[in-house]
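Novice: Structure file my_file.cif (mmCIF, C-alpha atoms) is given on the next line.
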```cif
data_input
loop_
_atom_site.label_atom_id
_atom_site.label_comp_id
_atom_site.auth_asym_id
_atom_site.auth_seq_id
_atom_site.Cartn_x
_atom_site.Cartn_y
_atom_site.Cartn_z
CA MET A 1 -99.06 -164.45 -57.81
CA THR A 2 -102.11 -162.81 -59.27
CA THR A 3 -103.70 -159.41 -58.95
CA GLU A 4 -107.20 -160.87 -58.78
CA GLN A 5 -108.85 -160.15 -55.46
CA SER A 6 -110.76 -163.44 -55.43
CA SER A 7 -107.86 -165.89 -55.77
CA VAL A 8 -106.51 -167.69 -52.71
CA LEU A 9 -103.19 -166.32 -51.49
CA ALA A 10 -100.54 -168.49 -49.86
CA GLU A 11 -99.79 -167.55 -46.26
CA ASP A 12 -96.16 -166.57 -46.89
CA ASP A 13 -97.18 -164.36 -49.82
CA ALA A 14 -99.92 -162.80 -47.72
CA LEU A 15 -97.49 -162.00 -44.90
CA GLN A 16 -95.06 -160.39 -47.34
CA LEU A 17 -97.86 -158.32 -48.83
CA LEU A 18 -99.15 -157.21 -45.42
CA SER A 19 -95.66 -156.39 -44.17
CA ARG A 20 -94.26 -154.50 -47.14
CA GLY A 21 -97.25 -153.43 -49.22
CA THR A 22 -98.49 -149.88 -49.73
CA MET A 23 -101.79 -149.33 -47.96
CA GLU A 24 -104.60 -147.12 -49.32
CA LEU A 25 -107.63 -146.66 -47.09
CA GLU A 26 -111.08 -147.39 -48.55
CA GLY A 27 -113.35 -146.69 -45.60
CA ARG A 28 -114.39 -147.55 -42.06
CA LEU A 29 -116.35 -150.61 -40.94
CA VAL A 30 -118.98 -148.79 -38.92
CA ASP A 31 -120.31 -151.79 -36.95
CA ALA A 32 -117.00 -152.26 -35.13
CA SER A 33 -116.63 -150.86 -31.60
CA ASN A 34 -113.00 -149.87 -32.26
CA THR A 35 -111.66 -148.03 -35.30
CA THR A 36 -111.61 -150.68 -38.02
CA LEU A 37 -110.66 -149.67 -41.53
CA ARG A 38 -110.71 -151.52 -44.84
CA ALA A 39 -107.83 -150.81 -47.17
CA GLU A 40 -106.24 -151.96 -50.39
CA ILE A 41 -102.65 -153.08 -50.05
CA THR A 42 -100.32 -153.46 -53.03
CA LEU A 43 -96.86 -154.96 -53.51
CA ASP A 44 -95.12 -155.74 -56.81
CA GLY A 45 -98.36 -155.70 -58.78
CA LEU A 46 -100.26 -157.83 -56.28
CA THR A 47 -103.29 -156.17 -54.70
CA ARG A 48 -105.54 -157.42 -51.93
CA ARG A 49 -107.81 -155.93 -49.32
CA CYS A 50 -106.93 -155.90 -45.67
CA VAL A 51 -108.44 -154.88 -42.34
CA TYR A 52 -106.39 -152.24 -40.52
CA LYS A 53 -107.00 -151.60 -36.80
CA PRO A 54 -104.82 -148.73 -35.54
CA VAL A 55 -103.84 -148.77 -31.88
CA GLN A 56 -104.86 -145.13 -31.50
CA GLY A 57 -108.43 -146.08 -32.43
CA GLU A 58 -108.81 -148.67 -29.68
CA ARG A 59 -111.56 -147.95 -27.17
CA PRO A 60 -110.34 -148.19 -23.54
CA LEU A 61 -111.61 -151.27 -21.69
CA TRP A 62 -111.81 -151.77 -17.94
CA ASP A 63 -110.23 -155.24 -17.99
CA PHE A 64 -107.63 -155.03 -20.78
CA PRO A 65 -104.64 -152.66 -20.76
CA ASP A 66 -104.94 -149.72 -23.17
CA GLY A 67 -103.22 -150.07 -26.51
CA THR A 68 -102.87 -153.87 -26.41
CA LEU A 69 -105.72 -155.09 -28.63
CA ALA A 70 -103.75 -155.02 -31.88
CA GLY A 71 -101.03 -157.16 -30.33
CA ARG A 72 -103.66 -159.65 -29.19
CA GLU A 73 -104.97 -159.88 -32.76
CA VAL A 74 -101.45 -160.75 -33.93
CA SER A 75 -101.01 -163.22 -31.08
CA ALA A 76 -104.18 -165.09 -32.08
CA PHE A 77 -102.77 -165.46 -35.59
CA LEU A 78 -99.45 -166.74 -34.24
CA VAL A 79 -101.21 -169.45 -32.23
CA SER A 80 -103.40 -170.34 -35.22
CA GLN A 81 -100.31 -170.50 -37.43
CA ALA A 82 -98.55 -172.81 -34.97
CA SER A 83 -101.61 -175.08 -34.89
CA GLY A 84 -101.45 -175.60 -38.65
CA TRP A 85 -105.20 -175.07 -38.94
CA GLY A 86 -105.06 -171.72 -40.74
CA ILE A 87 -108.10 -170.46 -38.85
CA VAL A 88 -107.02 -166.85 -38.24
CA PRO A 89 -106.22 -164.94 -41.45
CA PRO A 90 -102.61 -163.71 -41.80
CA THR A 91 -102.17 -160.82 -39.36
CA ILE A 92 -99.20 -158.60 -38.57
CA LEU A 93 -98.40 -155.45 -36.61
CA ARG A 94 -97.20 -152.62 -38.83
CA ASP A 95 -97.20 -148.88 -39.34
CA GLY A 96 -100.08 -147.50 -41.39
CA PRO A 97 -101.87 -144.27 -42.29
CA MET A 98 -103.04 -143.86 -38.67
CA GLY A 99 -99.95 -145.25 -36.98
CA THR A 100 -99.12 -148.70 -35.68
CA GLY A 101 -101.93 -151.23 -35.86
CA ALA A 102 -102.98 -154.76 -36.68
CA CYS A 103 -103.20 -155.50 -40.40
CA GLN A 104 -105.13 -158.62 -41.40
CA LEU A 105 -105.84 -160.13 -44.80
CA TRP A 106 -109.43 -159.51 -45.88
CA ILE A 107 -111.53 -162.66 -46.36
CA ASP A 108 -114.06 -162.57 -49.18
CA GLU A 109 -117.23 -164.55 -48.50
CA PRO A 110 -119.36 -165.90 -51.37
CA GLU A 111 -122.83 -164.43 -51.57
CA ASP A 112 -124.36 -167.87 -51.05
CA ALA A 113 -122.21 -168.70 -48.03
CA GLN A 114 -124.21 -170.80 -45.58
CA THR A 115 -123.73 -169.84 -41.96
CA LEU A 116 -123.17 -172.55 -39.38
CA ILE A 117 -124.26 -170.41 -36.42
CA GLY A 118 -127.48 -168.53 -35.79
CA PHE A 119 -130.93 -168.26 -34.30
CA VAL A 120 -133.37 -170.94 -35.46
CA PRO A 121 -136.95 -171.75 -34.38
CA ALA A 122 -136.73 -173.63 -31.09
CA TYR A 123 -138.97 -176.39 -32.47
CA ASP A 124 -136.94 -176.76 -35.67
CA VAL A 125 -133.25 -176.95 -34.74
CA PRO A 126 -131.54 -178.47 -37.81
CA GLN A 127 -130.37 -182.05 -37.51
CA GLY A 128 -126.74 -182.14 -36.49
CA TRP A 129 -126.88 -178.74 -34.74
CA PHE A 130 -126.41 -178.01 -31.04
CA PRO A 131 -128.79 -175.62 -29.26
CA VAL A 132 -126.77 -173.31 -27.02
CA ALA A 133 -129.21 -170.77 -25.57
CA ASN A 134 -132.92 -169.94 -25.64
CA ALA A 135 -134.44 -166.65 -26.80
CA ARG A 136 -137.73 -165.09 -27.87
CA ASP A 137 -138.44 -162.53 -30.56
CA GLU A 138 -140.60 -159.41 -30.19
CA ASP A 139 -143.72 -161.51 -30.79
CA GLY A 140 -142.81 -163.98 -28.09
CA ASP A 141 -141.89 -166.82 -30.45
CA ALA A 142 -139.26 -169.18 -29.12
CA TYR A 143 -135.88 -169.43 -30.81
CA ALA A 144 -132.64 -171.24 -30.08
CA LEU A 145 -129.13 -169.95 -30.57
CA ALA A 146 -127.48 -172.95 -32.19
CA HIS A 147 -124.49 -174.04 -34.23
CA ALA A 148 -123.61 -176.96 -36.46
CA ASP A 149 -121.67 -179.98 -35.26
CA ASP A 150 -118.98 -179.20 -37.82
CA PRO A 151 -115.30 -180.19 -37.46
CA ARG A 152 -114.18 -176.75 -38.63
CA LEU A 153 -116.14 -175.08 -35.83
CA ASN A 154 -114.88 -177.74 -33.44
CA ARG A 155 -111.28 -176.74 -34.17
CA LEU A 156 -112.22 -173.08 -33.75
CA ALA A 157 -113.70 -173.89 -30.32
CA VAL A 158 -110.40 -175.51 -29.33
CA LEU A 159 -108.46 -172.46 -30.50
CA ASP A 160 -110.78 -170.13 -28.57
CA ALA A 161 -110.21 -172.17 -25.41
CA VAL A 162 -106.45 -171.84 -25.87
CA ILE A 163 -106.44 -168.08 -26.44
CA ASN A 164 -109.23 -167.42 -23.90
CA ASN A 165 -111.35 -165.59 -26.45
CA ALA A 166 -113.87 -163.32 -24.72
CA ASP A 167 -115.82 -162.45 -27.87
CA ARG A 168 -116.60 -165.35 -30.22
CA LYS A 169 -119.73 -164.05 -31.92
CA GLY A 170 -121.34 -165.74 -34.90
CA GLY A 171 -120.42 -162.68 -36.96
CA HIS A 172 -116.76 -163.26 -36.12
CA VAL A 173 -116.78 -166.48 -38.15
CA LEU A 174 -116.18 -166.05 -41.88
CA TYR A 175 -116.82 -168.59 -44.63
CA ALA A 176 -114.18 -168.43 -47.35
CA THR A 177 -114.62 -169.31 -51.01
CA ASP A 178 -112.27 -172.31 -50.63
CA GLY A 179 -114.52 -173.95 -48.04
CA ARG A 180 -112.46 -173.00 -45.01
CA ILE A 181 -113.85 -171.03 -42.09
CA HIS A 182 -111.90 -168.23 -40.43
CA GLY A 183 -112.16 -166.67 -37.01
CA VAL A 184 -111.58 -162.92 -36.73
CA ASP A 185 -111.74 -160.16 -34.10
CA HIS A 186 -109.48 -161.49 -31.34
CA GLY A 187 -108.62 -158.19 -29.66
CA ILE A 188 -109.98 -159.27 -26.28
CA SER A 189 -108.19 -162.58 -25.92
CA PHE A 190 -105.34 -163.89 -23.75
CA HIS A 191 -106.56 -162.47 -20.45
CA VAL A 192 -104.98 -164.11 -17.40
CA GLU A 193 -108.44 -164.72 -15.89
CA ASN A 194 -110.98 -167.09 -17.42
CA LYS A 195 -113.05 -164.94 -19.77
CA LEU A 196 -114.04 -167.47 -22.43
CA ARG A 197 -117.24 -166.13 -23.96
CA THR A 198 -118.53 -167.82 -27.09
CA VAL A 199 -121.49 -169.09 -29.06
CA LEU A 200 -119.71 -172.43 -29.55
CA TRP A 201 -120.74 -174.18 -26.33
CA GLY A 202 -122.24 -177.20 -28.12
CA TRP A 203 -119.30 -179.44 -27.20
CA THR A 204 -119.27 -178.55 -23.50
CA GLY A 205 -117.82 -181.47 -21.56
CA LYS A 206 -117.38 -183.62 -24.64
CA PRO A 207 -114.02 -185.25 -25.47
CA ILE A 208 -111.65 -183.16 -27.57
CA PRO A 209 -111.03 -185.02 -30.87
CA ALA A 210 -107.78 -186.98 -31.13
CA GLU A 211 -106.56 -184.74 -33.97
CA SER A 212 -106.95 -181.67 -31.78
CA ILE A 213 -105.22 -183.38 -28.88
CA GLU A 214 -102.17 -183.85 -31.11
CA VAL A 215 -102.31 -180.17 -32.09
CA LEU A 216 -102.49 -179.17 -28.42
CA LYS A 217 -99.37 -181.25 -27.76
CA GLN A 218 -97.62 -179.38 -30.58
CA LEU A 219 -98.75 -176.04 -29.14
CA ALA A 220 -97.50 -176.99 -25.68
CA GLU A 221 -94.07 -177.67 -27.13
CA ALA A 222 -94.12 -174.53 -29.29
CA LEU A 223 -95.12 -172.35 -26.35
CA ASP A 224 -91.96 -173.44 -24.56
CA GLY A 225 -89.94 -172.39 -27.61
CA THR A 226 -90.36 -170.10 -30.59
CA LEU A 227 -94.11 -169.48 -30.24
CA GLY A 228 -93.68 -168.40 -26.61
CA GLU A 229 -90.95 -165.97 -27.63
CA GLN A 230 -93.13 -164.56 -30.42
CA LEU A 231 -96.07 -164.06 -28.09
CA GLU A 232 -93.91 -162.25 -25.53
CA GLU A 233 -93.44 -159.50 -28.13
CA HIS A 234 -97.18 -158.71 -27.87
CA LEU A 235 -98.34 -160.07 -24.50
CA THR A 236 -97.09 -159.95 -20.94
CA ILE A 237 -95.00 -162.81 -19.59
CA THR A 238 -97.90 -163.75 -17.31
CA GLU A 239 -100.36 -163.85 -20.21
CA VAL A 240 -98.05 -166.16 -22.15
CA GLN A 241 -97.60 -168.36 -19.08
CA GLN A 242 -101.37 -168.60 -18.62
CA THR A 243 -101.69 -169.66 -22.25
CA ARG A 244 -99.33 -172.55 -21.45
CA VAL A 245 -101.47 -173.38 -18.42
CA ARG A 246 -104.67 -173.45 -20.50
CA VAL A 247 -103.09 -175.80 -23.05
CA ARG A 248 -101.85 -178.14 -20.32
CA ARG A 249 -105.26 -178.09 -18.66
CA LEU A 250 -107.02 -178.98 -21.92
CA LEU A 251 -104.58 -181.85 -22.44
CA ARG A 252 -104.99 -183.09 -18.87
CA LYS A 253 -108.79 -183.07 -18.95
CA GLY A 254 -109.14 -184.03 -22.61
CA ARG A 255 -112.55 -182.36 -22.75
CA PHE A 256 -114.02 -179.07 -23.88
CA PRO A 257 -114.39 -176.51 -21.07
CA SER A 258 -117.68 -175.61 -19.43
CA PRO A 259 -119.21 -172.11 -19.43
CA PRO A 260 -117.87 -169.82 -16.68
CA GLN A 261 -120.10 -169.24 -13.68
CA ASP A 262 -118.82 -165.75 -12.84
CA TRP A 263 -118.71 -164.29 -16.35
CA PRO A 264 -121.36 -164.05 -19.12
CA ALA A 265 -120.91 -167.21 -21.19
CA VAL A 266 -122.31 -165.84 -24.46
CA PRO A 267 -121.28 -162.51 -26.03
CA TRP A 268 -123.84 -159.84 -26.89
CA PRO A 269 -125.03 -159.63 -29.53
CA PRO A 270 -124.28 -163.30 -30.17
CA VAL A 271 -124.48 -163.10 -33.97
#
```
Show how you would write the structure in this file as structure tokens.

Specialist:
Amino acid sequence: MTTEQSSVLAEDDALQLLSRGTMELEGRLVDASNTTLRAEITLDGLTRRCVYKPVQGERPLWDFPDGTLAGREVSAFLVSQASGWGIVPPTILRDGPMGTGACQLWIDEPEDAQTLIGFVPAYDVPQGWFPVANARDEDGDAYALAHADDPRLNRLAVLDAVINNADRKGGHVLYATDGRIHGVDHGISFHVENKLRTVLWGWTGKPIPAESIEVLKQLAEALDGTLGEQLEEHLTITEVQQTRVRVRRLLRKGRFPSPPQDWPAVPWPPV
């Protein structure tokens, strides 16, 4: 292991660090709606940054039970881990300076990271991108909310459909130095009702790739075993059961879901 902040950390090492490391708060991420703190965490000479979201700093929501968002963050990681895709950074539930909360490995983005999601001129959508929604700026110029037809985003869209992510903003997608993309901020996922809200609607109705179908089969099996038991430590039995239902539905249809008709399809702000 290395003490350099920029080096890639193996998942097992990251989980050990997050679980047993000493946490020192650096400051608050002010754009977050819930209390979200950045900290340094150190164990046996290894130091990394992490994101710490204490349960006591969660803002009450009308449709999610109080005090459950941190557990949903951990649950999203557990599903990502079982998929083998490594999309959600290592995340655990632990005690910290402000009590129990979700602790997630910080992802450094290179300064020249190129986003794959954003607003582009409506007349100049990049080749290989999907327009998702129309918008106009203050001057009335037309723009399109769009995203790239990228296999990494495609896998993220599958994961979001599984966990019923109600808040996939463009800003919740991080671009790591090793070329991987990561999805973060999954506190409002796993609702029993369909609340999928995302900027990644470009594959609506299209076939789910064969590779992802195989992963969904693995998740279906895992949800009936160890993964289901792990999720029941953070979610209700009904929420875990509905996760199984969503996986089976995706396998049965073999296609990406369509936007909901009774729920806003795109989060605000979208990026």

Novice: Evaluate the PyMOL selection byres ((chain A and resi 20) around 12) on the structure here and hand back the selected residues as a list in words.

Specialist: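 Output of the PyMOL selection byres ((chain A and resi 20) around 12): Asp13, Ala14, Leu15, Gln16, Leu17, Leu18, Ser19, Gly21, Thr22, Met23, Ile41, Thr42, Leu43, Asp44, Leu46, Thr47, Ile92, Leu93, Arg94, Asp95, Gly96 and Cys103 of chain A.
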
Novice: Tell me which of A:Arg152, A:Arg48, A:Lys206, A:Arg246 sits closest to Gly183 of chain A, counting only C-alpha atoms.

Specialist: A:Arg152

Novice: From the list A:Glu229, A:Glu211, A:Glu58, A:Glu109, which residue is nearest Gly84 of chain A when using all atoms listed in the file?

Specialist: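 With all atoms listed in the file as the atom set, the closest residue is A:Glu211.
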
Novice: The PyMOL selection byres ((chain A and resi 158) around 9) on the file shown: which residues, as an MDAnalysis selection string?

Specialist: chainID A and resid 153:157 159:163 208 212 216 250 256

Novice: Which is closer to Tyr175 of chain A than all the others in A:Val192, A:Leu219, A:Ala122, A:Ile87, using only C-alpha atoms?

Specialist: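 Nearest candidate to Tyr175 of chain A out of A:Val192, A:Leu219, A:Ala122, A:Ile87: A:Ile87.
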
Novice: Please indicate the distance in Å from atom CA of Asp185 of chain A to atom CA of Pro270 of chain A, rounded to one decimal place.

Specialist: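 Between these atoms lies a distance of 13.5 Å.
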
Novice: Fewer than 2 positions away in the same chain doesn't count, so skip those; otherwise give me all residues within 12 Å of segment 132-139 of chain A, counting only C-alpha atoms, as number ranges by chain.

Specialist: A: 117-123, 125, 129-130, 141-149, 198-204, 259, 265-267, 270

Novice: What gap, in Å, lies between atom CA of Val88 of chain A and atom CA of Trp106 of chain A?

Specialist: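 Taking atom CA of Val88 of chain A and atom CA of Trp106 of chain A, their separation equals 10.9 Å.
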
Novice: Quick one: residues within 8 Å of His191 of chain A, all atoms listed in the file counted, chain neighbours fewer than 6 positions away excluded, as a compact mmCIF listing (two decimals) with C-alpha atoms, in the coordinates of the input?

Specialist:
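File selection10.txt, as written:
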```txt
# COMPACT_ATOMS: atom_id res chain seq x y z
CA PHE A 64 -107.63 -155.03 -20.78
CA ASN A 164 -109.23 -167.42 -23.90
CA GLU A 239 -100.36 -163.85 -20.21
```

Novice: Between atom CA of Ala76 of chain A and atom CA of Asp112 of chain A, what is the spacing in Å?

Specialist: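 So the answer is 27.8 Å.
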
Novice: Which is closer to Thr35 of chain A than all the others in A:Pro54, A:Gly128, A:Glu111, A:Pro151, using all atoms listed in the file?

Specialist: A:Pro54

Novice: Set the distance at 7 Å and use only C-alpha atoms: which residues neighbour His186 of chain A once local chain neighbours fewer than 4 positions away are removed? I'd like the list as a list in words.

Specialist: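 Once the adjacent positions are removed, what remains is Arg72, Glu73, Ala76 and Asn165 of chain A.
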
Novice: Between A:Ser33, A:Gln56, A:Gln230, A:Thr177, which residue has the minimum interatomic distance to Gly99 of chain A, considering all atoms listed in the file?

Specialist: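 Looking only at the distances to Gly99 of chain A, the closest residue turns out to be A:Gln56.
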
Novice: Looking at A:Val30, A:Ala102, A:Ala176, A:Ile237, which one is nearest to Lys53 of chain A, with distances taken over all atoms listed in the file?

Specialist: A:Ala102
